[in-house]
Every structure is written in C-alpha cells, then in structure tokens.
file my_file-v7.csv (CSV, C-alpha atoms)
chain,number,residue,atom,x,y,z
A,295,MET,CA,-18.6,-10.3,-7.2
A,296,LYS,CA,-15.9,-12.1,-5.3
A,297,ARG,CA,-13.7,-14.4,-7.3
A,298,ASP,CA,-11.2,-17.1,-6.4
A,299,LEU,CA,-7.9,-15.5,-7.7
A,300,GLY,CA,-5.6,-18.2,-6.4
A,301,ASP,CA,-2.7,-18.8,-8.8
A,302,PHE,CA,-3.8,-16.2,-11.3
A,303,VAL,CA,-1.2,-14.7,-13.5
A,304,LEU,CA,-1.0,-10.9,-13.9
A,305,LEU,CA,0.2,-9.2,-17.1
A,306,ASP,CA,0.4,-5.4,-17.2
A,307,ALA,CA,2.2,-3.9,-20.2
A,308,SER,CA,0.3,-0.6,-20.2
A,309,CYS,CA,3.0,1.5,-18.7
A,310,PRO,CA,5.5,3.1,-21.1
A,311,GLN,CA,8.3,2.7,-18.6
A,312,GLY,CA,8.1,-1.0,-17.9
A,313,VAL,CA,6.1,-4.2,-17.8
A,314,ALA,CA,5.0,-6.3,-14.9
A,315,ALA,CA,4.2,-10.0,-14.6
A,316,GLY,CA,3.2,-11.8,-11.4
A,317,THR,CA,1.6,-14.9,-10.0
A,318,LEU,CA,-0.7,-14.7,-7.0
A,319,ASP,CA,-0.4,-17.4,-4.4
A,320,ALA,CA,-3.2,-19.9,-3.5
A,321,THR,CA,-5.0,-17.3,-1.4
A,322,GLY,CA,-5.1,-14.7,-4.2
A,323,ARG,CA,-3.9,-12.0,-1.8
A,324,ALA,CA,-0.1,-12.3,-2.0
A,325,TRP,CA,2.4,-12.5,-4.8
A,326,LYS,CA,4.1,-15.9,-5.2
A,327,CYS,CA,6.4,-14.0,-7.6
A,328,PHE,CA,6.3,-10.5,-9.1
A,329,GLU,CA,8.7,-9.2,-11.7
A,330,ILE,CA,9.1,-5.7,-13.3
A,331,ASP,CA,11.1,-5.4,-16.5
A,332,ARG,CA,11.9,-1.8,-17.6
A,333,ARG,CA,12.6,-2.7,-21.2
A,334,PRO,CA,10.1,-2.2,-24.0
A,335,ALA,CA,7.2,-4.7,-23.9
A,336,LEU,CA,8.4,-6.9,-26.8
A,337,GLU,CA,11.6,-7.8,-24.9
A,338,GLY,CA,10.5,-7.2,-21.3
A,339,LEU,CA,7.1,-8.9,-21.1
A,340,PHE,CA,8.3,-12.4,-22.0
A,341,ALA,CA,11.4,-12.1,-19.7
A,342,ALA,CA,9.2,-11.1,-16.8
A,343,VAL,CA,6.8,-13.9,-17.5
A,344,ALA,CA,9.7,-16.4,-17.7
A,345,SER,CA,10.5,-15.5,-14.1
A,346,ALA,CA,7.1,-14.9,-12.6
A,347,ALA,CA,4.9,-17.4,-14.5
A,348,PRO,CA,7.0,-19.9,-16.4
A,349,GLY,CA,5.2,-21.3,-19.4
A,350,PHE,CA,2.2,-19.0,-18.7
A,351,GLY,CA,1.0,-21.5,-16.1
A,352,GLY,CA,-1.7,-20.6,-13.6
A,353,ASN,CA,-5.4,-20.8,-13.1
A,354,GLY,CA,-6.3,-17.7,-15.1
A,355,PHE,CA,-5.1,-14.2,-16.1
A,356,LEU,CA,-5.4,-10.7,-14.8
A,357,PHE,CA,-4.9,-8.5,-17.8
A,358,CYS,CA,-4.5,-4.7,-18.0
A,359,GLU,CA,-6.5,-3.5,-21.1
A,360,GLY,CA,-5.4,0.1,-20.8
A,361,PRO,CA,-5.5,2.9,-21.3
A,362,GLY,CA,-1.7,3.0,-21.9
A,363,SER,CA,0.8,1.7,-24.4
A,364,ILE,CA,-1.2,0.2,-27.2
A,365,LEU,CA,1.7,-1.9,-28.5
A,366,GLY,CA,2.5,-3.2,-25.0
A,367,ILE,CA,-1.1,-4.0,-24.2
A,368,ARG,CA,-1.6,-5.9,-27.5
A,369,ILE,CA,1.5,-7.9,-27.0
A,370,ALA,CA,0.2,-9.0,-23.6
A,371,ALA,CA,-3.2,-9.8,-25.2
A,372,MET,CA,-1.5,-11.8,-27.9
A,373,ALA,CA,0.4,-13.8,-25.3
A,374,ILE,CA,-2.7,-14.6,-23.3
A,375,ARG,CA,-4.6,-15.6,-26.4
A,376,ALA,CA,-1.8,-17.9,-27.4
A,377,ALA,CA,-1.7,-19.4,-23.9
A,378,ALA,CA,-5.5,-20.0,-24.0
A,379,VAL,CA,-5.1,-22.0,-27.2
A,380,LEU,CA,-3.1,-24.6,-25.2
A,381,ARG,CA,-5.3,-24.5,-22.1
A,382,GLU,CA,-8.5,-22.5,-21.7
A,383,ARG,CA,-8.6,-20.3,-18.6
A,384,PRO,CA,-10.6,-17.3,-17.4
A,385,VAL,CA,-9.3,-13.8,-18.4
A,386,LEU,CA,-10.2,-11.0,-16.1
A,387,ALA,CA,-9.5,-7.5,-17.5
A,388,PHE,CA,-8.8,-4.3,-15.5
A,389,GLN,CA,-8.1,-0.7,-16.4
A,390,SER,CA,-4.9,1.1,-15.5
A,391,LEU,CA,-6.5,4.4,-14.2
A,392,SER,CA,-9.1,2.6,-12.1
A,393,LEU,CA,-6.4,0.3,-10.6
A,394,ALA,CA,-4.1,3.3,-9.9
A,395,ALA,CA,-6.9,5.2,-8.1
A,396,ARG,CA,-7.6,2.2,-5.8
A,397,LEU,CA,-3.9,1.8,-5.1
A,398,ILE,CA,-3.5,5.5,-4.3
A,399,LEU,CA,-6.4,5.3,-1.8
A,400,ARG,CA,-5.1,2.1,-0.2
A,401,ALA,CA,-1.6,3.5,0.2
A,402,GLY,CA,-2.9,6.7,1.8
A,403,LEU,CA,-1.2,8.9,-0.8
A,404,ASN,CA,-4.2,11.3,-1.2
A,405,ALA,CA,-3.8,14.1,1.3
A,406,GLY,CA,-6.9,14.6,3.4
A,407,GLY,CA,-7.9,11.0,3.2
A,408,ASN,CA,-11.1,11.0,1.2
A,409,ALA,CA,-10.4,14.3,-0.5
A,410,PRO,CA,-11.1,14.6,-4.3
A,411,PHE,CA,-8.3,13.8,-6.6
A,412,ALA,CA,-7.6,12.8,-10.2
A,413,VAL,CA,-5.4,10.2,-11.9
A,414,VAL,CA,-4.0,11.4,-15.3
A,415,ALA,CA,-2.2,9.6,-18.2
A,416,GLU,CA,-1.1,10.9,-21.6
A,417,SER,CA,-3.4,10.0,-24.5
A,418,ARG,CA,-3.3,11.5,-28.0
A,419,MET,CA,-1.7,14.7,-29.0
A,420,ASN,CA,-3.0,17.6,-26.7
A,421,CYS,CA,-5.3,15.1,-24.9
A,422,TRP,CA,-5.1,13.3,-21.5
A,423,ASN,CA,-7.0,10.3,-20.0
A,424,VAL,CA,-8.4,11.3,-16.7
A,425,LEU,CA,-10.1,9.4,-13.9
A,426,ALA,CA,-11.5,11.6,-11.1
A,427,ALA,CA,-12.5,10.7,-7.5
A,428,ASP,CA,-15.2,12.8,-5.9
A,429,GLU,CA,-15.3,14.7,-2.6
A,430,ASN,CA,-15.7,11.4,-0.8
A,431,GLY,CA,-12.6,9.9,-2.5
A,432,VAL,CA,-14.8,7.5,-4.6
A,433,PRO,CA,-13.3,7.0,-8.1
A,434,ALA,CA,-15.6,7.4,-11.1
A,435,GLU,CA,-16.7,4.3,-12.9
A,436,HIS,CA,-15.2,5.5,-16.3
A,437,PHE,CA,-12.3,7.6,-17.3
A,438,LEU,CA,-12.6,10.6,-19.6
A,439,GLU,CA,-10.4,12.1,-22.3
A,440,LEU,CA,-9.7,15.9,-21.8
A,441,LYS,CA,-7.9,18.4,-23.9
A,442,THR,CA,-5.0,20.2,-22.3
A,443,GLU,CA,-7.0,23.4,-22.0
A,444,GLU,CA,-9.7,21.6,-20.0
A,445,LEU,CA,-7.3,20.3,-17.3
A,446,SER,CA,-7.7,23.5,-15.2
A,447,ALA,CA,-11.0,22.0,-14.0
A,448,LEU,CA,-9.2,19.1,-12.2
A,449,PRO,CA,-9.1,18.9,-8.4
A,450,GLU,CA,-6.1,20.2,-6.5
A,451,GLN,CA,-4.6,16.7,-6.1
A,452,VAL,CA,-3.5,15.2,-9.3
A,453,PHE,CA,-1.5,12.0,-9.7
A,454,VAL,CA,0.4,11.5,-13.0
A,455,LEU,CA,1.2,8.1,-14.4
A,456,PRO,CA,4.5,7.6,-16.3
A,457,GLN,CA,4.7,9.4,-19.7
A,458,ARG,CA,6.6,8.7,-22.8
A,459,ARG,CA,6.3,12.0,-24.7
A,460,ALA,CA,4.1,14.7,-23.3
A,461,VAL,CA,5.0,16.8,-20.2
A,462,PHE,CA,2.1,17.3,-17.9
A,463,PRO,CA,1.3,21.0,-17.9
A,464,LEU,CA,0.0,21.3,-14.3
A,465,ALA,CA,1.4,20.6,-10.9
A,466,GLY,CA,1.0,16.9,-10.3
A,467,THR,CA,2.5,14.0,-8.2
A,468,PRO,CA,4.2,11.3,-10.3
A,469,ILE,CA,3.5,7.7,-9.3
A,470,ASP,CA,4.8,4.4,-10.3
A,471,PRO,CA,1.7,2.1,-10.6
A,472,LEU,CA,3.8,-1.0,-11.0
A,473,GLU,CA,5.6,-0.5,-7.7
A,474,LEU,CA,2.3,0.3,-6.0
A,475,LEU,CA,0.9,-2.9,-7.4
A,476,ARG,CA,4.0,-4.9,-6.2
A,477,ALA,CA,3.3,-3.6,-2.7
A,478,ASP,CA,-0.5,-4.4,-2.7
A,479,PRO,CA,-1.3,-7.8,-4.3
A,480,ALA,CA,-4.6,-8.0,-2.4
A,481,VAL,CA,-6.1,-5.1,-4.3
A,482,PHE,CA,-7.9,-7.3,-6.7
A,483,ALA,CA,-9.4,-9.6,-4.0
A,484,ASP,CA,-10.5,-6.6,-2.0
A,485,CYS,CA,-11.8,-4.6,-5.0
A,486,PRO,CA,-13.5,-7.1,-7.3
A,487,GLU,CA,-15.3,-4.3,-9.1
A,488,LEU,CA,-11.9,-3.6,-10.8
A,489,LEU,CA,-12.3,-6.9,-12.8
A,490,ARG,CA,-14.5,-7.9,-15.7
A,491,ASP,CA,-14.5,-11.2,-17.6
A,492,CYS,CA,-13.3,-10.5,-21.1
A,493,GLY,CA,-13.7,-14.0,-22.3
A,494,ALA,CA,-10.9,-15.4,-24.5
A,495,LEU,CA,-10.5,-12.2,-26.5
A,496,PRO,CA,-8.5,-9.7,-24.4
A,497,ASP,CA,-7.7,-6.5,-26.3
A,498,ALA,CA,-6.6,-2.9,-25.8
A,499,ILE,CA,-8.7,0.2,-25.0
A,500,ASN,CA,-7.1,3.6,-25.1
A,501,THR,CA,-9.8,6.2,-25.5
A,502,ALA,CA,-12.8,7.0,-23.4
A,503,SER,CA,-15.0,6.6,-26.5
A,504,ALA,CA,-14.1,4.8,-29.7
A,505,ALA,CA,-16.2,7.4,-31.6
A,506,THR,CA,-13.8,10.1,-30.6
A,507,TYR,CA,-10.7,8.4,-32.1
A,508,ALA,CA,-9.6,10.1,-35.3
A,509,LYS,CA,-8.3,7.4,-37.7
A,510,TRP,CA,-5.4,8.2,-40.0
A,511,THR,CA,-6.4,8.8,-43.6
A,512,PRO,CA,-4.0,9.6,-46.5
A,513,GLY,CA,-5.9,12.6,-47.5
A,514,ARG,CA,-5.3,14.4,-44.2
A,515,HIS,CA,-1.5,14.4,-44.9
A,516,ARG,CA,-1.4,15.3,-48.6
A,517,GLY,CA,-0.6,18.8,-49.7
A,518,ALA,CA,-3.3,21.0,-51.3
call {"tool": "encode", "arguments": {"input": "my_file-v7.csv", "output": "structure tokens"}}
result
Amino acid sequence: MKRDLGDFVLLDASCPQGVAAGTLDATGRAWKCFEIDRRPALEGLFAAVASAAPGFGGNGFLFCEGPGSILGIRIAAMAIRAAAVLRERPVLAFQSLSLAARLILRAGLNAGGNAPFAVVAESRMNCWNVLAADENGVPAEHFLELKTEELSALPEQVFVLPQRRAVFPLAGTPIDPLELLRADPAVFADCPELLRDCGALPDAINTASAATYAKWTPGRHRGA
C-alpha cells in the first residue's frame, strides 16, 4: 500500500558500525537531510538526529527494527516512543536485511541482474541471519537464521552486512547499507512492502523465531 512519506524521519541504529538519521522531503522521495554518525548508538544517534531532524520533528517515523545491534535498535525505539508522547505520529518499521536486498537490486550490485543472491548479517554465536533472493532476484519475505555449517547452501553471490565480532567464513561482498540508503531515498516510496505500521510501540527483533532464542539462565554457567 502506497503511503505519503513526506517529511518522515528515518532512524536506523541496527548497524554495528554507525547510525543514520534522515528527514525525507515533502515528496517522500529525496532526503531533505541525511546524517551518518560512526560512533556507538548512545552517542551517535542523538547527534545525527540533531542535524537531520532537530527536535524529532516530522510527520512520522521510519524505524529499523532489525535484525542488528539490539542496543542500538532499542535506543532508537526509546527515542521514538519518547517523541510520540509529545506528539503522536505514525511509526513504520522496516527490517535491515529486506531493505539491504532492495538496495542491492536497485543499485545493480548483483551480477547477472536477477540472479539469486543472499544478504547475511551476524547473529548469535555460530549463527547468521540470512535473507535469500530466488533465481528471479526476488527477495524472500522473511529472513532465516542459519548455523555456520549450513552456509554452504547459499547461492554464489553473498552480500555481507557490517559485523562487530564474527568473521564471515565464506567468500562474500561487504556492503555499507547506510551509504546505499543515503544514495537511494526513494526506496521506501517505490517498495512500500518494506514498511509495516508498528503503532506506537516500536521494538527490536533479532532472531527469525523468538522460540529459537536461548535465554541466559544461571544454571547453564555454574560448575558441576
């Protein structure tokens, strides 16, 4: 469904190597202002917002809910929730891997045009979040979490999002999703399927299924 994104404010703190804030212009297809701050989210997000969207002004928010840096995403969610207390506005969430796949396609980075490819980001220990595009270059609706030993099933073309700790074990092309987004502000207007209304309660996602996430318990770390 097409939405009027004029003067919407973007907050993306999912990347471990920087945060982005931007304000779309009245058409919703160009940046009025776009800032990337390479510091951790607690310092970088509010500095970026101060330049790109002073006072968190705007007609609504575009919010990256992950997967990615849980701390960064939750700081961004907290900021949006606080701003909504002062003035209620729509909050439209998008996911980092889905956005990256569309940006890759629109920038023509996938060799062979519509050839299959995958976008990969680090997840938990020995696990990776993966979004695959089929033989027609159409990205899947949902990302999956794969163990390192399962990555051999990926297509030949693999694009790797910035990582904090793990080293990707296969050949892959690193991409900077924030710079790709800077260059393509019309992606949300042209690909409205990326966006979902998350109401006034934006939050982080980081695993393909909440049931697969192993919570910490003291017993797991005690000696026999």
call {"tool": "closest_residue", "arguments": {"input": "my_file-v7.csv", "among": "A:Ile499, A:Leu304, A:Ile364, A:Ala373", "to": "Ala346 (chain A)", "atoms": "all atoms listed in the file"}}
result
A:Leu304
call {"tool": "closest_atom_pairs", "arguments": {"input": "my_file-v7.csv", "of": "region 354-428 of chain A", "to": "region 329-335 of chain A", "cutoff": "8 Å", "atoms": "only C-alpha atoms", "output": "CSV"}}
result
residue,atom,partner,partner_atom,distance
A:Leu365,CA,A:Ala335,CA,7.7
A:Gly366,CA,A:Ala335,CA,5.1
A:Ile369,CA,A:Ala335,CA,7.2
call {"tool": "write_last_selection", "arguments": {"input": "my_file-v7.csv", "atoms": "C-alpha atoms", "output": "PDB file, in the coordinates of the input"}}
result
ATOM      1  CA  LEU A 365       1.700  -1.900 -28.500  1.00  0.00           C
ATOM      2  CA  GLY A 366       2.500  -3.200 -25.000  1.00  0.00           C
ATOM      3  CA  ILE A 369       1.500  -7.900 -27.000  1.00  0.00           C
TER       4      ILE A 369
END
call {"tool": "closest_residue", "arguments": {"input": "my_file-v7.csv", "among": "A:Glu439, A:Asp484, A:Glu444, A:Asp491", "to": "Val385 (chain A)", "atoms": "all atoms listed in the file"}}
result
A:Asp491
call {"tool": "residues_around", "arguments": {"input": "my_file-v7.csv", "residues": "region 388-393 of chain A", "least_positions_apart": "4", "cutoff": "9 Å", "atoms": "all atoms listed in the file", "output": "JSON, numbers by chain"}}
result
{"A": [306, 308, 309, 356, 357, 358, 359, 360, 361, 362, 397, 398, 413, 414, 415, 423, 424, 425, 433, 434, 435, 436, 437, 455, 471, 475, 481, 482, 488, 489, 490, 499]}
call {"tool": "closest_residue", "arguments": {"input": "my_file-v7.csv", "among": "A:Gly407, A:Pro463, A:Gly322, A:Gly312", "to": "Lys296 (chain A)", "atoms": "all atoms listed in the file"}}
result
A:Gly322
call {"tool": "closest_residue", "arguments": {"input": "my_file-v7.csv", "among": "A:Ser417, A:Arg375, A:Val432, A:Ala426", "to": "Pro456 (chain A)", "atoms": "all atoms listed in the file"}}
result
A:Ser417
call {"tool": "residues_around", "arguments": {"input": "my_file-v7.csv", "residues": "Cys492 (chain A)", "least_positions_apart": "6", "cutoff": "9 Å", "atoms": "only C-alpha atoms", "output": "list in words"}}
result
Pro384, Val385, Leu386 and Ala387 of chain A
call {"tool": "atom_distance", "arguments": {"input": "my_file-v7.csv", "atom1": "CA of Gly338 (chain A)", "atom2": "CA of Ala307 (chain A)"}}
result
9.0 Å
call {"tool": "atom_distance", "arguments": {"input": "my_file-v7.csv", "atom1": "CA of Val313 (chain A)", "atom2": "CA of Glu450 (chain A)"}}
result
29.5 Å
